[in-house]
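Here's the structure we're looking at; comments come further down.
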Amino acid sequence: MNNYVIRTNGLTKSYRGRAAVDGLNLEIKKGEIYGFLGPNGAGKTTTIRMLLGLIRPTKGTVEILGKDLQKDKINILRRVGSLVEYPSYYGHLTAIENLEAIRRILNVPKSRIDEVLEIVSLTKEAKRAVKGYSLGMKQRLGIASALLGSPELLILDEPTNGLDPSGIHEIRELIKRMPQEHGITVLVSSHLLGEVEQMAGTVGIIREGRMVFQDTIVNLRQKAAGGINISLSEPESALWLAKDNGLAGMVQDGKLYFDGINDNQVAGLVKRLVENGHLIYRVEERNKSLEDIFMEVIGEVKSL
Amino acid sequence: MNTFLRVLSSERLKMSKSHLWLLALVSPALALLVGILTKIEPDMPAYPLLLSTMCLFHSLLFLPILTGVYSSFICRYEHVGGGWKALLALPVSRTSVFFAKFLIVAVMLIFTQLLFLGSYVGAAVYHGVSEPFPWAMITRSIIGGWVACLPLAALQLGVSLRWVSFAAPLVVNVIFTVPNILVVNSDKIRPYYPWAQPIQAMMPPNTAASGPLGMNLPFESLMITVVGSFILFLAAGLVYFNRQEI
């Protein structure tokens with residue numbers, strides 16, 4: 001036994017010779033929230049489909065909760081709750097009936113239905129037909145269904161897709177509670193870094209089917225630490241002054257940009273610029289987008 | 001087996017509020033109307049005559065089409081919004097899902113056949129037929145018609161699983177059902193044409209009363225063809241569904 005809840009080894013899925021997922025080694029530890037990041041079409045959903053046994057890998061193995069997925073699929077799925085892409089529901093049935101349809105398959109006590117409705121705060125709406133629900137409510141019902149079997153692992157594919165800010169907030173808070181209150185390990189995928197970084201402890205970034213980064217969020221933040229933008233009256237001559245101060249910057253859109261400089265350096269530079277009669281309009285931090293980080297990470301991979 | 005029963009119970013719940021059963025009323029109701037309008041000559045055996053007229057539309061057109069409707073309908077909720085992914089990520093085997101869905105279709109078909117039986121009895125009562133009730137003939141017709149629908153049900157279920165669509169398999173089914181009108185005239189093709197098997201099983205045996213559509217192929221040989229194609233379609237659908245990428 002090891003303490004990995006999910007571990008894949010060289011997981012690959014090819015469609016007509018083109019690898020949608022290529023040699024993926026996912027490692028997800030017990031009790032953490034793992035953010036699975038990547039732009040649309042990077043292979044996140046394909047990977048999740050393989051983790052749930054919905055499609056067969058072309059190559060590689062999947063180990064979930066210490067067991068081989070190929071051999072022990074049904075036993076593993078009993079301990080996993082999932083929500084893939086869109087919440088699936090039977091619109092003509094109420095929330096309770098929807099959950100009952102799943103409960104019958106999972107063979108858990110009826111009381112679980114009330115419990116999961118309580119967790120996602122749908123108790124009041126439980127007797128309404130689901131087709132009248134808002135997207136956020138449907139998404140919460142989806143999570144309720146995923147929780148019904150008291151899973152040890154929760155796999156959520158883009159759970160906040162298409163939700164409004166308050167809906168996103170609700171789902172995020174819900175996910176954060178899972179490891180703390182229920183001891184559940186969570187794999188949550190997203191194409192937005194900002195969304196995942198507020199809940200995940202570890203992130204894996206996938207691009208064109210390959211894992212380009214897999215580490216803690218703290219380490220990712222260091223990579224993502226942005227530079228400083230200074231907008232001022234005469235950027236060109238200011239750039240020379242900066243160089244004189246030992247700072248290599250560049251001019252972008254009429255602003256100075258410096259990558260990875262610390263507070264002291266910023267203070268020294270601003271002082272020098274003011275003393276030389278520059279008018280400083282704005283000094284701002286520029287955070288890198290996920291795409292910037294991708295480029296950076298990929299650059300590193302290539303230069304290795 | 002346990003998983004199968006649990007999946008079945010879940011499927012039953014999903015279908016229970018769908019009002020699908022209302023559709024099952026249509027064909028038997030029409031058959032009743034046809035039965036009432038049938039003119040019974042005093043010198044003809046009334047029961048076979050009634051059966052052949054009432055069967056005509058029911059088993060030539062409605063029954064094959066309904067078989068397709070049931071098969072499509074049972075997959076309909078899964079086609080919407082990633083339902084297959086949600087269902088098959090639960091601890092179920094695909095085989096048990098397939099058989100559960102098939103069994104629901106089979107039960108809907110026998111329900112339709114029993115309603116037809118009700119219409120038949122109703123028409124006979126309306127005409128005040130005095131002959132003894134032909135249990136052997138009618139049992140064979142009702143059960144035989146049901147069994148003859150099963151290969152088609154397996155085929156249509158396979159098609160419905162293949163195409164993530166409610167309407168497409170239905171359209172295909174209707175396209176293949178319409179030629180029944182011609183196919184039943186060909187002794188060579190009709191036993192092997194899945195859409196024409198129900199009418200051959202339901203029509204009364206070849207007597208003067210059954211008219212030009214009386215089938216001269218023995219019931220037993222027809223059933224062998226039916227069972228053979230049933231096993232073929234069921235196995236193909238099952239193998240396909242187990243390999244399908246969801």
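A note on labels: chains of the structure tokens are A, B, ... as shown, every chain counts residues from 1, and ligands are counted from 1 in their shown order.
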So which residues touch B:Leu103 within 12 Å, counting only C-alpha atoms, skipping near sequence neighbours fewer than 2 positions away, as number ranges by chain?
B: 4-5, 7-9, 11-12, 70-71, 74, 96-101, 105-110, 150, 153-154, 157, 234
Could you produce a table of the residues of chain A lying within 7 Å of chain B, with the nearest pair of atoms per residue and their separation in Å rounded to one decimal, using only C-alpha atoms, ordered by chain and increasing residue number, as a Markdown table?
```
| residue | atom | partner | partner_atom | distance |
| --- | --- | --- | --- | --- |
| A:Leu52 | CA | B:Ala89 | CA | 5.8 |
| A:Leu54 | CA | B:Ile246 | CA | 5.3 |
| A:Ile55 | CA | B:Glu245 | CA | 5.0 |
| A:Ile74 | CA | B:Pro91 | CA | 4.7 |
| A:Asn75 | CA | B:Pro91 | CA | 6.9 |
| A:Leu77 | CA | B:Pro91 | CA | 4.9 |
| A:Arg78 | CA | B:Pro91 | CA | 5.1 |
| A:Leu83 | CA | B:Ala86 | CA | 6.9 |
| A:Val84 | CA | B:Lys85 | CA | 6.9 |
| A:Tyr86 | CA | B:Gly81 | CA | 6.0 |
| A:Pro87 | CA | B:Gly81 | CA | 7.0 |
| A:Ser88 | CA | B:Gly83 | CA | 5.0 |
| A:Tyr90 | CA | B:Tyr77 | CA | 6.2 |
| A:Ala101 | CA | B:Ser10 | CA | 4.6 |
| A:Ile102 | CA | B:Ser10 | CA | 6.8 |
| A:Arg104 | CA | B:Arg6 | CA | 5.6 |
| A:Ile105 | CA | B:Arg6 | CA | 5.0 |
```
Neighbouring residues of B:Gln156 were defined as those with any atom within 12 Å, considering only C-alpha atoms; residues of the same chain fewer than 4 positions away were excluded. Please report them as a count of residues only.
40
Find the residues around stretch 32-34 of chain B up to 7 Å (only C-alpha atoms counted), leave out those fewer than 4 positions away in its own chain, and share them as a list in words.
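Selected residues are Pro28, Thr38, Met54, Ser119, Tyr120 and Ala123 of chain B.
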Could the residues in this selection be saved with all heavy atoms as a compact mmCIF listing (two decimals), in the first residue's frame?
```txt
# COMPACT_ATOMS: atom_id res chain seq x y z
N PRO B 28 -53.30 -0.76 -29.78
CA PRO B 28 -54.46 -1.57 -29.39
C PRO B 28 -55.78 -0.83 -29.56
O PRO B 28 -56.79 -1.43 -29.95
CB PRO B 28 -54.18 -1.90 -27.92
CG PRO B 28 -52.70 -1.84 -27.79
CD PRO B 28 -52.28 -0.75 -28.71
N THR B 38 -64.93 -4.43 -38.52
CA THR B 38 -64.84 -5.61 -39.38
C THR B 38 -66.23 -6.23 -39.58
O THR B 38 -66.98 -6.39 -38.64
CB THR B 38 -63.91 -6.66 -38.74
OG1 THR B 38 -62.65 -6.07 -38.53
CG2 THR B 38 -63.76 -7.88 -39.61
N MET B 54 -57.47 -7.36 -37.35
CA MET B 54 -56.94 -6.52 -36.27
C MET B 54 -55.42 -6.53 -36.22
O MET B 54 -54.78 -5.55 -35.87
CB MET B 54 -57.51 -6.97 -34.92
CG MET B 54 -59.00 -6.65 -34.77
SD MET B 54 -59.68 -7.22 -33.21
CE MET B 54 -58.89 -6.16 -32.03
N SER B 119 -58.18 -5.69 -26.58
CA SER B 119 -58.93 -5.16 -27.72
C SER B 119 -59.61 -6.29 -28.49
O SER B 119 -60.76 -6.16 -28.93
CB SER B 119 -58.00 -4.41 -28.68
OG SER B 119 -57.45 -3.30 -28.05
N TYR B 120 -58.87 -7.38 -28.61
CA TYR B 120 -59.39 -8.53 -29.37
C TYR B 120 -60.63 -9.09 -28.68
O TYR B 120 -61.67 -9.29 -29.31
CB TYR B 120 -58.29 -9.59 -29.48
CG TYR B 120 -58.66 -10.78 -30.31
CD1 TYR B 120 -58.80 -10.65 -31.69
CD2 TYR B 120 -58.87 -12.04 -29.74
CE1 TYR B 120 -59.15 -11.73 -32.48
CE2 TYR B 120 -59.20 -13.12 -30.51
CZ TYR B 120 -59.34 -12.97 -31.89
OH TYR B 120 -59.68 -14.04 -32.66
N ALA B 123 -63.52 -6.67 -29.11
CA ALA B 123 -64.15 -6.71 -30.42
C ALA B 123 -65.04 -7.93 -30.56
O ALA B 123 -66.15 -7.86 -31.12
CB ALA B 123 -63.08 -6.69 -31.51
```
Contacts of stretch 7-58 of chain B with stretch 137-144 of chain B up to 12 Å, shortest pair per row, only C-alpha atoms, as a tab-separated table:
```
residue	atom	partner	partner_atom	distance
B:Tyr47	CA	B:Ile138	CA	9.1
B:Pro48	CA	B:Met137	CA	8.3
B:Leu49	CA	B:Met137	CA	11.9
B:Leu50	CA	B:Ile138	CA	10.9
B:Leu51	CA	B:Ile138	CA	8.1
B:Ser52	CA	B:Ser141	CA	10.2
B:Met54	CA	B:Ser141	CA	11.7
B:Cys55	CA	B:Ser141	CA	9.2
B:His58	CA	B:Ile142	CA	11.4
```
Residue subset to file, keeping N, CA, C and O atoms, as an mmCIF file, in the first residue's frame:
```cif
data_model
loop_
_atom_site.group_PDB
_atom_site.id
_atom_site.type_symbol
_atom_site.label_atom_id
_atom_site.label_comp_id
_atom_site.auth_asym_id
_atom_site.auth_seq_id
_atom_site.Cartn_x
_atom_site.Cartn_y
_atom_site.Cartn_z
ATOM 1 N N TYR B 47 -63.407 -15.809 -35.305
ATOM 2 C CA TYR B 47 -62.176 -15.473 -34.561
ATOM 3 C C TYR B 47 -60.952 -15.297 -35.447
ATOM 4 O O TYR B 47 -60.244 -14.293 -35.330
ATOM 5 N N PRO B 48 -60.665 -16.272 -36.360
ATOM 6 C CA PRO B 48 -59.493 -16.047 -37.223
ATOM 7 C C PRO B 48 -59.641 -14.787 -38.073
ATOM 8 O O PRO B 48 -58.690 -14.050 -38.291
ATOM 9 N N LEU B 49 -60.888 -14.518 -38.532
ATOM 10 C CA LEU B 49 -61.110 -13.340 -39.367
ATOM 11 C C LEU B 49 -60.793 -12.065 -38.579
ATOM 12 O O LEU B 49 -60.073 -11.177 -39.049
ATOM 13 N N LEU B 50 -61.329 -11.998 -37.357
ATOM 14 C CA LEU B 50 -61.071 -10.837 -36.499
ATOM 15 C C LEU B 50 -59.570 -10.659 -36.250
ATOM 16 O O LEU B 50 -59.051 -9.550 -36.338
ATOM 17 N N LEU B 51 -58.922 -11.775 -35.974
ATOM 18 C CA LEU B 51 -57.489 -11.693 -35.654
ATOM 19 C C LEU B 51 -56.716 -11.160 -36.855
ATOM 20 O O LEU B 51 -55.864 -10.285 -36.723
ATOM 21 N N SER B 52 -57.047 -11.656 -38.051
ATOM 22 C CA SER B 52 -56.249 -11.226 -39.203
ATOM 23 C C SER B 52 -56.498 -9.754 -39.531
ATOM 24 O O SER B 52 -55.560 -9.042 -39.901
ATOM 25 N N MET B 54 -57.467 -7.360 -37.347
ATOM 26 C CA MET B 54 -56.945 -6.517 -36.267
ATOM 27 C C MET B 54 -55.421 -6.525 -36.218
ATOM 28 O O MET B 54 -54.778 -5.551 -35.867
ATOM 29 N N CYS B 55 -54.853 -7.691 -36.594
ATOM 30 C CA CYS B 55 -53.396 -7.844 -36.594
ATOM 31 C C CYS B 55 -52.745 -6.971 -37.621
ATOM 32 O O CYS B 55 -51.606 -6.545 -37.455
ATOM 33 N N HIS B 58 -51.681 -3.478 -36.618
ATOM 34 C CA HIS B 58 -50.940 -3.594 -35.361
ATOM 35 C C HIS B 58 -49.567 -4.212 -35.584
ATOM 36 O O HIS B 58 -48.547 -3.649 -35.195
#
```
Could you pull the residues within 8 Å of B:Ile199, counting only C-alpha atoms, minus those fewer than 2 positions along the same chain, as a PDB file with N, CA and C atoms, in the first residue's frame?
```
ATOM      1  N   CYS B  55     -54.853  -7.691 -36.594  1.00  0.00           N
ATOM      2  CA  CYS B  55     -53.396  -7.844 -36.594  1.00  0.00           C
ATOM      3  C   CYS B  55     -52.745  -6.971 -37.621  1.00  0.00           C
ATOM      4  N   LEU B  56     -53.464  -6.790 -38.716  1.00  0.00           N
ATOM      5  CA  LEU B  56     -52.828  -6.224 -39.901  1.00  0.00           C
ATOM      6  C   LEU B  56     -52.049  -4.952 -39.584  1.00  0.00           C
ATOM      7  N   SER B  59     -49.532  -5.366 -36.238  1.00  0.00           N
ATOM      8  CA  SER B  59     -48.253  -6.064 -36.312  1.00  0.00           C
ATOM      9  C   SER B  59     -47.456  -5.735 -37.573  1.00  0.00           C
ATOM     10  N   LEU B  60     -48.148  -5.196 -38.582  1.00  0.00           N
ATOM     11  CA  LEU B  60     -47.420  -4.849 -39.807  1.00  0.00           C
ATOM     12  C   LEU B  60     -46.672  -3.529 -39.616  1.00  0.00           C
ATOM     13  N   GLY B 145     -45.973 -13.050 -31.369  1.00  0.00           N
ATOM     14  CA  GLY B 145     -45.725 -11.684 -31.834  1.00  0.00           C
ATOM     15  C   GLY B 145     -44.725 -10.979 -30.944  1.00  0.00           C
ATOM     16  N   ALA B 196     -40.562  -7.643 -40.459  1.00  0.00           N
ATOM     17  CA  ALA B 196     -41.740  -8.374 -40.919  1.00  0.00           C
ATOM     18  C   ALA B 196     -42.019  -9.612 -40.084  1.00  0.00           C
ATOM     19  N   GLN B 197     -41.151  -9.872 -39.120  1.00  0.00           N
ATOM     20  CA  GLN B 197     -41.357 -11.083 -38.318  1.00  0.00           C
ATOM     21  C   GLN B 197     -42.583 -11.005 -37.399  1.00  0.00           C
ATOM     22  N   ALA B 201     -45.694 -13.872 -37.176  1.00  0.00           N
ATOM     23  CA  ALA B 201     -45.941 -14.651 -35.970  1.00  0.00           C
ATOM     24  C   ALA B 201     -47.363 -14.432 -35.458  1.00  0.00           C
ATOM     25  N   MET B 202     -47.921 -13.261 -35.727  1.00  0.00           N
ATOM     26  CA  MET B 202     -49.226 -12.944 -35.148  1.00  0.00           C
ATOM     27  C   MET B 202     -50.407 -13.375 -36.001  1.00  0.00           C
ATOM     28  N   MET B 203     -50.199 -13.454 -37.315  1.00  0.00           N
ATOM     29  CA  MET B 203     -51.311 -13.821 -38.198  1.00  0.00           C
ATOM     30  C   MET B 203     -51.802 -15.238 -37.915  1.00  0.00           C
TER      31      MET B 203
END
```
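Going from atom CA of A:Glu158 over to atom CA of A:Ser111, you cover 28.4 Å.
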What is the distance between atom CA of A:Ala95 and atom CA of A:Arg128, in Å to one decimal?
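These atoms are spaced 6.7 Å apart.
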Show which residues sit within 7 Å of stretch 9-23 of chain A, as a PyMOL selection string. Count only C-alpha atoms, and ignore same-chain residues fewer than 2 positions away.
chain A and resi 7+25+43+47+57-62+208-210
I'd like the interatomic distance between atom CA of A:Ile228 and atom CA of A:Ile206, to a tenth of an Å.
27.6 Å
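Looking only at stretch 40-156 of chain A, the set that DSSP places in strand (DSSP E) from backbone geometry is Lys59, Gly60, Thr61, Val62, Glu63, Ile64, Lys67, Asp68, Val80, Gly81, Ser82, Leu83, Leu153, Leu154, Ile155 and Leu156 of chain A.
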Writer output for current selection, all heavy atoms, as a compact mmCIF listing (two decimals), in the first residue's frame:
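Once everything was written out, this is part_26.txt:
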```
# COMPACT_ATOMS: atom_id res chain seq x y z
N LYS A 59 -2.17 2.94 -23.93
CA LYS A 59 -1.01 2.41 -23.22
C LYS A 59 -1.05 2.89 -21.78
O LYS A 59 -1.73 3.87 -21.48
CB LYS A 59 0.28 2.92 -23.88
CG LYS A 59 0.89 1.98 -24.89
CD LYS A 59 2.39 2.26 -25.07
CE LYS A 59 2.70 3.70 -25.35
NZ LYS A 59 3.39 3.96 -26.60
N GLY A 60 -0.30 2.24 -20.92
CA GLY A 60 -0.17 2.73 -19.56
C GLY A 60 -1.19 2.13 -18.60
O GLY A 60 -2.12 1.45 -19.01
N THR A 61 -0.98 2.40 -17.31
CA THR A 61 -1.85 1.83 -16.30
C THR A 61 -2.42 2.90 -15.38
O THR A 61 -1.85 3.97 -15.23
CB THR A 61 -1.09 0.83 -15.41
OG1 THR A 61 0.04 1.50 -14.86
CG2 THR A 61 -0.63 -0.38 -16.19
N VAL A 62 -3.56 2.57 -14.80
CA VAL A 62 -4.19 3.45 -13.82
C VAL A 62 -4.34 2.67 -12.53
O VAL A 62 -4.86 1.56 -12.52
CB VAL A 62 -5.60 3.89 -14.29
CG1 VAL A 62 -6.27 4.74 -13.22
CG2 VAL A 62 -5.53 4.65 -15.59
N GLU A 63 -3.86 3.27 -11.45
CA GLU A 63 -4.03 2.65 -10.14
C GLU A 63 -4.83 3.62 -9.29
O GLU A 63 -4.45 4.78 -9.12
CB GLU A 63 -2.64 2.45 -9.55
CG GLU A 63 -2.55 1.33 -8.55
CD GLU A 63 -1.13 1.21 -8.04
OE1 GLU A 63 -0.82 1.89 -7.05
OE2 GLU A 63 -0.34 0.46 -8.64
N ILE A 64 -5.98 3.17 -8.80
CA ILE A 64 -6.80 4.03 -7.95
C ILE A 64 -7.02 3.32 -6.63
O ILE A 64 -7.38 2.14 -6.60
CB ILE A 64 -8.14 4.37 -8.64
CG1 ILE A 64 -7.88 5.24 -9.88
CG2 ILE A 64 -9.06 5.12 -7.67
CD1 ILE A 64 -9.11 5.66 -10.63
N LYS A 67 -5.46 -0.02 -6.26
CA LYS A 67 -5.84 -1.18 -7.06
C LYS A 67 -5.77 -0.86 -8.54
O LYS A 67 -5.94 0.30 -8.94
CB LYS A 67 -7.27 -1.61 -6.72
CG LYS A 67 -7.36 -2.29 -5.38
CD LYS A 67 -8.80 -2.67 -5.10
CE LYS A 67 -8.93 -3.35 -3.76
NZ LYS A 67 -10.27 -3.21 -3.22
N ASP A 68 -5.55 -1.87 -9.34
CA ASP A 68 -5.46 -1.69 -10.78
C ASP A 68 -6.88 -1.53 -11.36
O ASP A 68 -7.74 -2.38 -11.17
CB ASP A 68 -4.78 -2.93 -11.40
CG ASP A 68 -4.59 -2.77 -12.90
OD1 ASP A 68 -5.03 -1.74 -13.44
OD2 ASP A 68 -4.00 -3.68 -13.52
N VAL A 80 -15.58 5.71 -5.66
CA VAL A 80 -15.28 6.97 -6.34
C VAL A 80 -16.58 7.67 -6.72
O VAL A 80 -17.51 7.03 -7.21
CB VAL A 80 -14.46 6.69 -7.63
CG1 VAL A 80 -14.23 7.97 -8.42
CG2 VAL A 80 -13.14 6.03 -7.29
N GLY A 81 -16.64 8.98 -6.48
CA GLY A 81 -17.78 9.75 -6.96
C GLY A 81 -17.30 10.66 -8.07
O GLY A 81 -16.17 11.12 -8.03
N SER A 82 -18.15 10.90 -9.08
CA SER A 82 -17.66 11.71 -10.19
C SER A 82 -18.72 12.61 -10.78
O SER A 82 -19.92 12.37 -10.65
CB SER A 82 -17.11 10.79 -11.28
OG SER A 82 -18.15 10.00 -11.79
N LEU A 83 -18.23 13.65 -11.42
CA LEU A 83 -19.09 14.57 -12.15
C LEU A 83 -18.30 14.96 -13.39
O LEU A 83 -17.29 15.64 -13.30
CB LEU A 83 -19.40 15.80 -11.29
CG LEU A 83 -20.18 16.94 -11.92
CD1 LEU A 83 -21.53 16.46 -12.41
CD2 LEU A 83 -20.38 18.06 -10.93
N LEU A 153 -12.83 9.16 -3.01
CA LEU A 153 -12.22 10.01 -4.02
C LEU A 153 -13.34 10.65 -4.84
O LEU A 153 -14.31 10.00 -5.22
CB LEU A 153 -11.33 9.16 -4.93
CG LEU A 153 -10.84 9.81 -6.24
CD1 LEU A 153 -9.91 10.96 -5.96
CD2 LEU A 153 -10.16 8.77 -7.11
N LEU A 154 -13.18 11.95 -5.07
CA LEU A 154 -14.17 12.68 -5.84
C LEU A 154 -13.48 13.22 -7.08
O LEU A 154 -12.45 13.88 -6.98
CB LEU A 154 -14.68 13.84 -4.97
CG LEU A 154 -16.03 14.47 -5.27
CD1 LEU A 154 -17.12 13.43 -5.31
CD2 LEU A 154 -16.34 15.51 -4.20
N ILE A 155 -14.03 12.90 -8.26
CA ILE A 155 -13.42 13.38 -9.50
C ILE A 155 -14.40 14.36 -10.15
O ILE A 155 -15.51 13.98 -10.53
CB ILE A 155 -13.11 12.21 -10.45
CG1 ILE A 155 -12.04 11.31 -9.81
CG2 ILE A 155 -12.64 12.72 -11.80
CD1 ILE A 155 -11.63 10.13 -10.65
N LEU A 156 -14.01 15.62 -10.23
CA LEU A 156 -14.91 16.64 -10.76
C LEU A 156 -14.28 17.29 -11.98
O LEU A 156 -13.20 17.86 -11.91
CB LEU A 156 -15.17 17.71 -9.69
CG LEU A 156 -15.67 17.21 -8.33
CD1 LEU A 156 -15.65 18.33 -7.30
CD2 LEU A 156 -17.06 16.62 -8.45
```
Set the distance at 9 Å and use only C-alpha atoms: which residues neighbour stretch 190-204 of chain A once local chain neighbours fewer than 5 positions away are removed? I'd like the list as a ChimeraX atom specification.
/A:26-28,32-40,44,157-161,168,172-173,175-176,211-218,220-221,289-290
Write a file of the just-selected residues containing N, CA, C and O atoms, as a short mmCIF file (atom, residue, chain, number, x, y, z; two decimals), in the first residue's frame.
```
data_model
loop_
_atom_site.label_atom_id
_atom_site.label_comp_id
_atom_site.auth_asym_id
_atom_site.auth_seq_id
_atom_site.Cartn_x
_atom_site.Cartn_y
_atom_site.Cartn_z
N LEU A 26 0.24 10.79 -13.35
CA LEU A 26 -0.47 11.57 -12.32
C LEU A 26 -0.16 10.96 -10.97
O LEU A 26 -0.12 9.74 -10.83
N GLU A 27 0.04 11.83 -9.97
CA GLU A 27 0.23 11.32 -8.63
C GLU A 27 -0.57 12.17 -7.67
O GLU A 27 -0.29 13.35 -7.49
N ILE A 28 -1.59 11.57 -7.10
CA ILE A 28 -2.48 12.34 -6.22
C ILE A 28 -2.48 11.68 -4.85
O ILE A 28 -2.80 10.50 -4.71
N GLU A 32 -5.82 15.29 -0.30
CA GLU A 32 -5.52 16.61 -0.87
C GLU A 32 -6.54 16.98 -1.94
O GLU A 32 -7.33 16.17 -2.39
N ILE A 33 -6.51 18.26 -2.29
CA ILE A 33 -7.29 18.71 -3.45
C ILE A 33 -6.29 18.93 -4.56
O ILE A 33 -5.36 19.72 -4.43
N TYR A 34 -6.47 18.19 -5.61
CA TYR A 34 -5.53 18.25 -6.73
C TYR A 34 -6.19 19.01 -7.87
O TYR A 34 -7.26 18.64 -8.34
N GLY A 35 -5.58 20.10 -8.27
CA GLY A 35 -6.11 20.88 -9.39
C GLY A 35 -5.49 20.40 -10.68
O GLY A 35 -4.26 20.39 -10.82
N PHE A 36 -6.33 19.96 -11.61
CA PHE A 36 -5.85 19.43 -12.87
C PHE A 36 -6.11 20.50 -13.93
O PHE A 36 -7.25 20.73 -14.32
N LEU A 37 -5.03 21.17 -14.34
CA LEU A 37 -5.18 22.36 -15.16
C LEU A 37 -4.72 22.15 -16.58
O LEU A 37 -3.81 21.36 -16.84
N GLY A 38 -5.32 22.90 -17.46
CA GLY A 38 -4.87 22.86 -18.84
C GLY A 38 -5.86 23.59 -19.70
O GLY A 38 -7.03 23.71 -19.33
N PRO A 39 -5.40 24.11 -20.84
CA PRO A 39 -6.35 24.80 -21.73
C PRO A 39 -7.37 23.80 -22.28
O PRO A 39 -7.17 22.59 -22.19
N ASN A 40 -8.43 24.32 -22.85
CA ASN A 40 -9.43 23.43 -23.44
C ASN A 40 -8.78 22.57 -24.52
O ASN A 40 -7.95 23.06 -25.29
N LYS A 44 -7.69 16.94 -20.62
CA LYS A 44 -8.16 16.76 -19.24
C LYS A 44 -9.32 15.77 -19.18
O LYS A 44 -9.31 14.82 -18.41
N ASP A 157 -14.97 17.17 -13.11
CA ASP A 157 -14.44 17.73 -14.35
C ASP A 157 -15.11 19.07 -14.61
O ASP A 157 -16.30 19.13 -14.86
N GLU A 158 -14.34 20.14 -14.54
CA GLU A 158 -14.84 21.50 -14.78
C GLU A 158 -16.15 21.78 -14.04
O GLU A 158 -17.14 22.17 -14.65
N PRO A 159 -16.14 21.62 -12.71
CA PRO A 159 -17.42 21.74 -12.00
C PRO A 159 -18.00 23.15 -12.00
O PRO A 159 -19.18 23.33 -11.72
N THR A 160 -17.19 24.16 -12.31
CA THR A 160 -17.72 25.52 -12.26
C THR A 160 -17.98 26.09 -13.65
O THR A 160 -18.32 27.25 -13.78
N ASN A 161 -17.82 25.24 -14.66
CA ASN A 161 -18.02 25.69 -16.03
C ASN A 161 -19.42 26.27 -16.24
O ASN A 161 -20.42 25.64 -15.93
N ILE A 168 -19.95 29.92 -8.73
CA ILE A 168 -18.55 29.45 -8.66
C ILE A 168 -18.08 29.43 -7.21
O ILE A 168 -17.48 28.46 -6.75
N ARG A 172 -16.92 26.21 -5.03
CA ARG A 172 -15.56 26.20 -4.52
C ARG A 172 -15.55 25.93 -3.01
O ARG A 172 -14.78 25.12 -2.52
N GLU A 173 -16.44 26.61 -2.31
CA GLU A 173 -16.51 26.41 -0.86
C GLU A 173 -16.88 24.96 -0.53
O GLU A 173 -16.37 24.36 0.40
N ILE A 175 -16.26 22.32 -2.38
CA ILE A 175 -15.13 21.43 -2.65
C ILE A 175 -14.09 21.52 -1.54
O ILE A 175 -13.55 20.51 -1.10
N LYS A 176 -13.85 22.76 -1.07
CA LYS A 176 -12.85 22.95 -0.01
C LYS A 176 -13.18 22.15 1.24
O LYS A 176 -12.29 21.73 1.97
N MET A 211 2.03 16.19 -19.36
CA MET A 211 2.14 16.89 -18.08
C MET A 211 3.35 17.81 -18.14
O MET A 211 4.46 17.35 -18.39
N VAL A 212 3.12 19.11 -17.97
CA VAL A 212 4.27 20.01 -18.04
C VAL A 212 4.67 20.52 -16.66
O VAL A 212 5.74 21.07 -16.48
N PHE A 213 3.80 20.35 -15.68
CA PHE A 213 4.13 20.80 -14.33
C PHE A 213 3.30 19.99 -13.35
O PHE A 213 2.10 19.82 -13.54
N GLN A 214 3.94 19.47 -12.31
CA GLN A 214 3.17 18.79 -11.27
C GLN A 214 3.88 19.04 -9.95
O GLN A 214 4.95 18.49 -9.71
N ASP A 215 3.31 19.89 -9.15
CA ASP A 215 3.96 20.26 -7.89
C ASP A 215 2.93 20.95 -7.01
O ASP A 215 1.77 21.11 -7.38
N THR A 216 3.41 21.44 -5.85
CA THR A 216 2.48 22.12 -4.95
C THR A 216 2.14 23.50 -5.50
O THR A 216 2.86 24.06 -6.31
N ILE A 217 1.03 24.03 -5.01
CA ILE A 217 0.58 25.33 -5.47
C ILE A 217 1.58 26.41 -5.05
O ILE A 217 1.76 27.40 -5.76
N VAL A 218 2.25 26.20 -3.91
CA VAL A 218 3.24 27.19 -3.44
C VAL A 218 4.35 27.33 -4.47
O VAL A 218 4.75 28.44 -4.85
N LEU A 220 4.16 26.61 -7.58
CA LEU A 220 3.63 27.20 -8.81
C LEU A 220 3.53 28.71 -8.66
O LEU A 220 3.84 29.46 -9.58
N ARG A 221 3.12 29.16 -7.48
CA ARG A 221 3.00 30.61 -7.24
C ARG A 221 4.33 31.30 -7.45
O ARG A 221 4.39 32.39 -7.99
N SER A 289 -0.52 35.11 -16.53
CA SER A 289 -1.69 34.28 -16.75
C SER A 289 -1.22 32.82 -16.81
O SER A 289 -0.03 32.55 -16.91
N LEU A 290 -2.18 31.93 -16.75
CA LEU A 290 -1.85 30.51 -16.84
C LEU A 290 -1.07 30.25 -18.13
O LEU A 290 -0.12 29.49 -18.16
#
```
Using DSSP on the backbone coordinates, identify the residues of stretch 84-275 of chain A assigned to alpha helix (DSSP H); present them as a VMD selection string.
chain A and resid 95 to 106 111 to 119 135 to 147 165 to 182 193 to 197 217 to 224 235 to 244 263 to 275
